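Asker: Take a look at my_file.csv, CSV, N, CA and C atoms and all ligand atoms:
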chain,number,residue,atom,x,y,z
A,1,MET,N,-18.3,-86.1,224.0
A,1,MET,CA,-19.0,-85.0,224.7
A,1,MET,C,-19.7,-85.5,226.0
A,2,ARG,N,-19.6,-84.8,227.0
A,2,ARG,CA,-20.3,-85.2,228.2
A,2,ARG,C,-21.8,-84.9,228.1
A,3,ARG,N,-22.7,-85.6,228.8
A,3,ARG,CA,-24.1,-85.5,228.7
A,3,ARG,C,-24.5,-84.0,228.9
A,4,LYS,N,-23.9,-83.4,229.9
A,4,LYS,CA,-24.3,-82.0,230.3
A,4,LYS,C,-24.1,-81.1,229.0
A,5,ASP,N,-22.9,-81.3,228.3
A,5,ASP,CA,-22.7,-80.5,227.2
A,5,ASP,C,-23.7,-80.8,226.0
A,6,GLU,N,-24.0,-82.1,225.9
A,6,GLU,CA,-24.9,-82.5,224.9
A,6,GLU,C,-26.3,-81.9,225.2
A,7,LEU,N,-26.7,-81.9,226.4
A,7,LEU,CA,-27.9,-81.2,226.8
A,7,LEU,C,-27.9,-79.8,226.4
A,8,GLY,N,-26.8,-79.1,226.5
A,8,GLY,CA,-26.7,-77.7,226.1
A,8,GLY,C,-27.0,-77.5,224.7
A,9,VAL,N,-26.5,-78.5,223.9
A,9,VAL,CA,-26.7,-78.4,222.4
A,9,VAL,C,-28.2,-78.6,222.1
A,10,LEU,N,-28.8,-79.6,222.9
A,10,LEU,CA,-30.2,-79.9,222.7
A,10,LEU,C,-31.1,-78.7,223.1
A,11,ARG,N,-30.6,-77.9,224.1
A,11,ARG,CA,-31.4,-76.7,224.5
A,11,ARG,C,-31.4,-75.7,223.3
A,12,MET,N,-30.3,-75.6,222.6
A,12,MET,CA,-30.3,-74.7,221.4
A,12,MET,C,-31.2,-75.2,220.4
A,13,VAL,N,-31.2,-76.5,220.1
A,13,VAL,CA,-32.1,-77.1,219.1
A,13,VAL,C,-33.6,-76.8,219.5
A,14,LEU,N,-33.9,-77.0,220.8
A,14,LEU,CA,-35.3,-76.8,221.3
A,14,LEU,C,-35.7,-75.3,221.1
A,15,GLU,N,-34.8,-74.5,221.5
A,15,GLU,CA,-35.1,-73.0,221.4
A,15,GLU,C,-35.3,-72.6,219.9
A,16,GLU,N,-34.5,-73.3,219.0
A,16,GLU,CA,-34.7,-73.0,217.6
A,16,GLU,C,-36.0,-73.5,217.1
A,17,GLN,N,-36.4,-74.7,217.6
A,17,GLN,CA,-37.7,-75.3,217.2
A,17,GLN,C,-38.8,-74.5,217.7
A,18,TYR,N,-38.7,-74.0,218.9
A,18,TYR,CA,-39.7,-73.2,219.5
A,18,TYR,C,-40.0,-71.9,218.7
A,19,GLU,N,-38.9,-71.3,218.3
A,19,GLU,CA,-38.9,-70.2,217.5
A,19,GLU,C,-39.7,-70.5,216.2
A,20,ARG,N,-39.3,-71.6,215.5
A,20,ARG,CA,-39.9,-72.0,214.2
A,20,ARG,C,-41.4,-72.2,214.4
A,21,HIS,N,-41.8,-72.9,215.4
A,21,HIS,CA,-43.2,-73.2,215.6
A,21,HIS,C,-44.0,-71.9,215.9
A,22,SER,N,-43.4,-71.0,216.7
A,22,SER,CA,-44.0,-69.7,216.9
A,22,SER,C,-44.3,-69.0,215.7
A,23,THR,N,-43.3,-68.9,214.8
A,23,THR,CA,-43.4,-68.2,213.5
A,23,THR,C,-44.5,-68.9,212.7
A,24,GLN,N,-44.5,-70.2,212.6
A,24,GLN,CA,-45.5,-70.9,211.8
A,24,GLN,C,-46.9,-70.6,212.3
A,25,LEU,N,-47.0,-70.6,213.7
A,25,LEU,CA,-48.3,-70.3,214.3
A,25,LEU,C,-48.8,-68.9,213.9
A,26,ALA,N,-47.9,-68.0,213.9
A,26,ALA,CA,-48.2,-66.6,213.6
A,26,ALA,C,-48.7,-66.5,212.1
A,27,LEU,N,-47.9,-67.3,211.2
A,27,LEU,CA,-48.3,-67.3,209.8
A,27,LEU,C,-49.7,-67.9,209.6
A,28,LEU,N,-49.9,-69.0,210.3
A,28,LEU,CA,-51.2,-69.7,210.2
A,28,LEU,C,-52.3,-68.8,210.7
A,29,ASP,N,-52.1,-68.1,211.7
A,29,ASP,CA,-53.1,-67.2,212.2
A,29,ASP,C,-53.5,-66.2,211.2
A,30,ARG,N,-52.4,-65.6,210.5
A,30,ARG,CA,-52.7,-64.6,209.5
A,30,ARG,C,-53.4,-65.3,208.3
A,31,GLN,N,-53.0,-66.5,207.9
A,31,GLN,CA,-53.6,-67.2,206.8
A,31,GLN,C,-55.0,-67.5,207.1
A,32,ALA,N,-55.3,-67.9,208.4
A,32,ALA,CA,-56.7,-68.2,208.8
A,32,ALA,C,-57.6,-67.0,208.5
A,33,GLY,N,-57.0,-65.8,208.8
A,33,GLY,CA,-57.8,-64.5,208.5
A,33,GLY,C,-58.1,-64.4,207.1
A,34,ASP,N,-57.0,-64.7,206.2
A,34,ASP,CA,-57.2,-64.6,204.8
A,34,ASP,C,-58.2,-65.6,204.2
A,35,SER,N,-58.1,-66.9,204.7
A,35,SER,CA,-58.9,-67.9,204.1
A,35,SER,C,-60.4,-67.8,204.4
A,36,ARG,N,-60.6,-67.1,205.5
A,36,ARG,CA,-62.0,-66.8,205.8
A,36,ARG,C,-62.7,-66.0,204.7
A,37,CYS,N,-61.9,-65.1,204.2
A,37,CYS,CA,-62.5,-64.3,203.1
A,37,CYS,C,-62.6,-65.1,201.8
A,38,ARG,N,-61.6,-66.0,201.5
A,38,ARG,CA,-61.6,-66.7,200.2
A,38,ARG,C,-62.3,-68.1,200.3
A,39,GLY,N,-62.7,-68.5,201.5
A,39,GLY,CA,-63.2,-69.8,201.7
A,39,GLY,C,-62.2,-70.9,201.4
A,40,GLY,N,-60.9,-70.6,201.9
A,40,GLY,CA,-59.8,-71.5,201.7
A,40,GLY,C,-59.8,-72.7,202.6
A,41,ASP,N,-58.7,-73.4,202.6
A,41,ASP,CA,-58.7,-74.7,203.3
A,41,ASP,C,-58.5,-74.5,204.8
A,42,ALA,N,-59.6,-74.2,205.4
A,42,ALA,CA,-59.5,-73.9,206.9
A,42,ALA,C,-59.2,-75.1,207.7
A,43,ASP,N,-59.6,-76.3,207.2
A,43,ASP,CA,-59.4,-77.5,207.9
A,43,ASP,C,-57.9,-77.9,208.1
A,44,THR,N,-57.2,-77.8,206.9
A,44,THR,CA,-55.8,-78.0,206.9
A,44,THR,C,-55.1,-77.1,207.9
A,45,ALA,N,-55.4,-75.8,207.8
A,45,ALA,CA,-54.8,-74.8,208.7
A,45,ALA,C,-55.1,-75.1,210.1
A,46,ALA,N,-56.3,-75.6,210.4
A,46,ALA,CA,-56.7,-75.9,211.8
A,46,ALA,C,-55.8,-77.0,212.3
A,47,VAL,N,-55.6,-78.1,211.5
A,47,VAL,CA,-54.8,-79.2,211.8
A,47,VAL,C,-53.3,-78.8,212.1
A,48,LEU,N,-52.8,-77.9,211.2
A,48,LEU,CA,-51.4,-77.4,211.4
A,48,LEU,C,-51.3,-76.6,212.6
A,49,THR,N,-52.3,-75.7,212.8
A,49,THR,CA,-52.3,-74.9,214.0
A,49,THR,C,-52.3,-75.7,215.3
A,50,ALA,N,-53.1,-76.8,215.3
A,50,ALA,CA,-53.2,-77.6,216.5
A,50,ALA,C,-51.9,-78.3,216.7
A,51,SER,N,-51.2,-78.8,215.6
A,51,SER,CA,-50.0,-79.6,215.8
A,51,SER,C,-48.9,-78.6,216.2
A,52,SER,N,-48.9,-77.4,215.7
A,52,SER,CA,-47.9,-76.4,216.2
A,52,SER,C,-48.1,-76.1,217.6
A,53,ARG,N,-49.3,-75.9,218.0
A,53,ARG,CA,-49.6,-75.6,219.5
A,53,ARG,C,-49.1,-76.7,220.3
A,54,GLN,N,-49.4,-77.9,219.9
A,54,GLN,CA,-49.0,-79.1,220.6
A,54,GLN,C,-47.4,-79.2,220.8
A,55,ALA,N,-46.8,-78.9,219.6
A,55,ALA,CA,-45.3,-78.9,219.6
A,55,ALA,C,-44.7,-77.9,220.5
A,56,LEU,N,-45.3,-76.7,220.5
A,56,LEU,CA,-44.9,-75.6,221.4
A,56,LEU,C,-45.0,-76.0,222.8
A,57,GLY,N,-46.1,-76.7,223.2
A,57,GLY,CA,-46.3,-77.1,224.5
A,57,GLY,C,-45.2,-78.1,224.9
A,58,ASP,N,-45.0,-79.1,224.0
A,58,ASP,CA,-43.9,-80.1,224.3
A,58,ASP,C,-42.6,-79.5,224.5
A,59,ILE,N,-42.2,-78.5,223.6
A,59,ILE,CA,-40.9,-77.9,223.7
A,59,ILE,C,-40.8,-77.1,224.9
A,60,ALA,N,-41.9,-76.3,225.3
A,60,ALA,CA,-41.8,-75.5,226.5
A,60,ALA,C,-41.6,-76.4,227.7
A,61,ARG,N,-42.3,-77.6,227.7
A,61,ARG,CA,-42.1,-78.5,228.8
A,61,ARG,C,-40.6,-79.0,228.9
A,62,ALA,N,-40.1,-79.4,227.7
A,62,ALA,CA,-38.7,-79.9,227.7
A,62,ALA,C,-37.8,-78.8,228.2
A,63,LEU,N,-38.0,-77.5,227.8
A,63,LEU,CA,-37.1,-76.4,228.3
A,63,LEU,C,-37.2,-76.2,229.8
A,64,HIS,N,-38.4,-76.4,230.3
A,64,HIS,CA,-38.7,-76.3,231.7
A,64,HIS,C,-37.9,-77.4,232.5
A,65,TYR,N,-38.0,-78.6,231.9
A,65,TYR,CA,-37.2,-79.7,232.5
A,65,TYR,C,-35.7,-79.4,232.5
A,66,LEU,N,-35.3,-78.9,231.4
A,66,LEU,CA,-33.8,-78.6,231.3
A,66,LEU,C,-33.4,-77.6,232.4
A,67,ASP,N,-34.3,-76.6,232.7
A,67,ASP,CA,-34.0,-75.6,233.7
A,67,ASP,C,-33.9,-76.3,235.1
A,68,HIS,N,-34.6,-77.4,235.2
A,68,HIS,CA,-34.7,-78.0,236.6
A,68,HIS,C,-34.0,-79.3,236.6
A,69,ASP,N,-33.0,-79.5,235.7
A,69,ASP,CA,-32.2,-80.7,235.7
A,69,ASP,C,-33.0,-82.0,235.7
A,70,ALA,N,-34.2,-81.9,235.1
A,70,ALA,CA,-35.1,-83.1,235.0
A,70,ALA,C,-35.3,-83.5,233.6
A,71,TYR,N,-34.5,-83.0,232.7
A,71,TYR,CA,-34.7,-83.3,231.3
A,71,TYR,C,-34.0,-84.6,230.9
A,72,GLY,N,-34.6,-85.3,229.9
A,72,GLY,CA,-34.0,-86.5,229.4
A,72,GLY,C,-34.3,-87.8,230.1
A,73,CYS,N,-35.3,-87.7,231.1
A,73,CYS,CA,-35.7,-88.9,231.8
A,73,CYS,C,-37.1,-89.2,231.3
A,74,CYS,N,-37.4,-90.5,231.2
A,74,CYS,CA,-38.7,-91.0,230.8
A,74,CYS,C,-39.7,-90.6,231.9
A,75,GLU,N,-40.9,-90.1,231.5
A,75,GLU,CA,-41.9,-89.6,232.5
A,75,GLU,C,-42.6,-90.9,233.1
A,76,GLN,N,-42.4,-92.0,232.4
A,76,GLN,CA,-43.1,-93.2,232.9
A,76,GLN,C,-42.2,-94.0,233.9
A,77,CYS,N,-41.0,-94.4,233.4
A,77,CYS,CA,-40.2,-95.3,234.2
A,77,CYS,C,-38.9,-94.5,234.7
A,78,ARG,N,-38.8,-93.3,234.5
A,78,ARG,CA,-37.7,-92.4,235.0
A,78,ARG,C,-36.3,-92.9,234.5
A,79,THR,N,-36.3,-93.7,233.4
A,79,THR,CA,-35.0,-94.1,232.8
A,79,THR,C,-34.4,-93.0,232.0
A,80,GLU,N,-33.1,-92.8,232.1
A,80,GLU,CA,-32.5,-91.8,231.3
A,80,GLU,C,-32.6,-92.2,229.8
A,81,ILE,N,-33.1,-91.3,229.0
A,81,ILE,CA,-33.3,-91.5,227.6
A,81,ILE,C,-32.0,-91.3,226.9
A,82,PRO,N,-31.6,-92.3,226.0
A,82,PRO,CA,-30.3,-92.1,225.3
A,82,PRO,C,-30.2,-90.8,224.5
A,83,ILE,N,-29.0,-90.2,224.6
A,83,ILE,CA,-28.8,-88.9,223.9
A,83,ILE,C,-29.1,-89.0,222.4
A,84,GLU,N,-28.8,-90.1,221.8
A,84,GLU,CA,-29.1,-90.3,220.4
A,84,GLU,C,-30.6,-90.1,220.1
A,85,HIS,N,-31.4,-90.7,221.0
A,85,HIS,CA,-32.8,-90.6,220.8
A,85,HIS,C,-33.3,-89.1,221.0
A,86,LEU,N,-32.7,-88.5,222.1
A,86,LEU,CA,-33.1,-87.1,222.4
A,86,LEU,C,-32.7,-86.2,221.2
A,87,ALA,N,-31.6,-86.5,220.6
A,87,ALA,CA,-31.1,-85.7,219.5
A,87,ALA,C,-32.1,-85.7,218.3
A,88,GLN,N,-32.8,-86.9,218.1
A,88,GLN,CA,-33.7,-87.0,217.1
A,88,GLN,C,-35.1,-86.4,217.5
A,89,HIS,N,-35.4,-86.6,218.7
A,89,HIS,CA,-36.7,-86.1,219.2
A,89,HIS,C,-36.5,-85.3,220.5
A,90,PRO,N,-36.1,-84.1,220.4
A,90,PRO,CA,-35.7,-83.3,221.6
A,90,PRO,C,-36.8,-83.1,222.6
A,91,ALA,N,-38.0,-83.1,222.2
A,91,ALA,CA,-39.2,-82.8,223.1
A,91,ALA,C,-39.8,-84.1,223.5
A,92,VAL,N,-39.2,-85.3,223.3
A,92,VAL,CA,-39.8,-86.6,223.6
A,92,VAL,C,-40.0,-86.7,225.1
A,93,ARG,N,-41.1,-87.4,225.6
A,93,ARG,CA,-41.4,-87.5,227.0
A,93,ARG,C,-41.1,-88.9,227.6
A,94,PHE,N,-41.1,-89.8,226.7
A,94,PHE,CA,-41.0,-91.2,227.1
A,94,PHE,C,-39.8,-91.9,226.4
A,95,CYS,N,-39.2,-92.9,227.1
A,95,CYS,CA,-38.2,-93.8,226.5
A,95,CYS,C,-38.9,-94.6,225.4
A,96,THR,N,-38.1,-95.3,224.6
A,96,THR,CA,-38.7,-96.1,223.5
A,96,THR,C,-39.6,-97.2,224.0
A,97,SER,N,-39.3,-97.8,225.2
A,97,SER,CA,-40.2,-98.9,225.7
A,97,SER,C,-41.5,-98.4,226.2
A,98,CYS,N,-41.6,-97.1,226.7
A,98,CYS,CA,-42.8,-96.6,227.3
A,98,CYS,C,-43.6,-95.8,226.3
A,99,GLU,N,-43.0,-95.4,225.2
A,99,GLU,CA,-43.7,-94.6,224.2
A,99,GLU,C,-45.0,-95.2,223.8
A,100,PRO,N,-46.1,-94.4,223.8
A,100,PRO,CA,-47.4,-94.9,223.5
A,100,PRO,C,-47.5,-95.4,222.1
B,201,ZN,ZN,-39.7,-95.4,230.1
With the file now loaded, output its structure as structure tokens.
Ligand SMILES: [Zn+2]

Answerer:
Amino acid sequence: MRRKDELGVLRMVLEEQYERHSTQLALLDRQAGDSRCRGGDADTAAVLTASSRQALGDIARALHYLDHDAYGCCEQCRTEIPIEHLAQHPAVRFCTSCEP
């Protein structure tokens, strides 16, 4: 498969993940409303909410890069990130050497 086609597949993966995190966030919001009444585990929900928000931001950025042909390059050294790595971490921003 050519890289362009592979990026098309990754776009679908990203859109699917975006969908999933949006749903999770909506569920967490509702749960947060519930747990306030029952004194439930608000801390865990807050952590999950934060990580879902973070993921949504990362995915939105990746999709934006895809739209502008800037996707798949390391933000630090501008090296093209191998497609195998992108397949595992579609919203990744850095190559393996620059990853914090
Ligand atoms: Zn890099």

Asker: Which polymer residues have any atom within 12 Å of an atom of His89 (chain A), counting only C-alpha atoms, with same-chain residues fewer than 6 positions away left out, as a list in words?

Answerer: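 My reading of the contact set: Leu10, Val13, Leu14, Gln17, Ala55, Asp58, Ile59, Ala62, Gly72, Ile81, Pro82, Ile83, Cys95 and Thr96 of chain A.
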
Asker: Can you work out which one of A:Ala32, A:Val92, A:Leu25, A:Ala87 has the shortest atom-to-atom distance to Arg53 (chain A), counting all atoms listed in the file?

Answerer: A:Leu25

Asker: Within 8 Å of ligand ZN 201 (chain B), counting all atoms listed in the file, which protein or nucleic acid residues do you find, written as a PyMOL selection string?

Answerer: chain A and resi 73-81+93-99

Asker: Provide the atom N of Tyr65 (chain A) to CA of Gln24 (chain A) distance in Å, to one decimal place.

Answerer: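 Between atom N of Tyr65 (chain A) and CA of Gln24 (chain A) the gap is 22.8 Å.
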
Asker: Would you please work out which residue, of A:Leu27, A:Leu86, A:Ala91, A:Ala70, is nearest to Gly57 (chain A) when using only C-alpha atoms?

Answerer: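 When distances to Gly57 (chain A) are compared using only C-alpha atoms, the smallest one comes from A:Ala91.
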
Asker: As AutoDock Vina command-line options, what would the box around region 23-27 of chain A look like: edges along x, y and z, 6 Å added on every side, centre and edge lengths in Å to one decimal?

Answerer:
--center_x -46.5 --center_y -68.7 --center_z 212.2 --size_x 18.4 --size_y 16.4 --size_z 17.2

Asker: To one decimal place, how far is CA of Ser22 (chain A) from CA of Ala60 (chain A) in Å?

Answerer: 11.4 Å

Asker: Expressed in Å to a single decimal, how great is the separation between atom C of Glu16 (chain A) and atom C of Asp43 (chain A)?

Answerer: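 Spanning atom C of Glu16 (chain A) to atom C of Asp43 (chain A) is a straight-line distance of 24.1 Å.
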
Asker: In terms of the shortest atom-to-atom distance over only C-alpha atoms, which of A:Pro100, A:Asp67, A:His85, A:Ser51 is closest to Arg11 (chain A)?

Answerer: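 Closest residue, counting only C-alpha atoms: A:Asp67.
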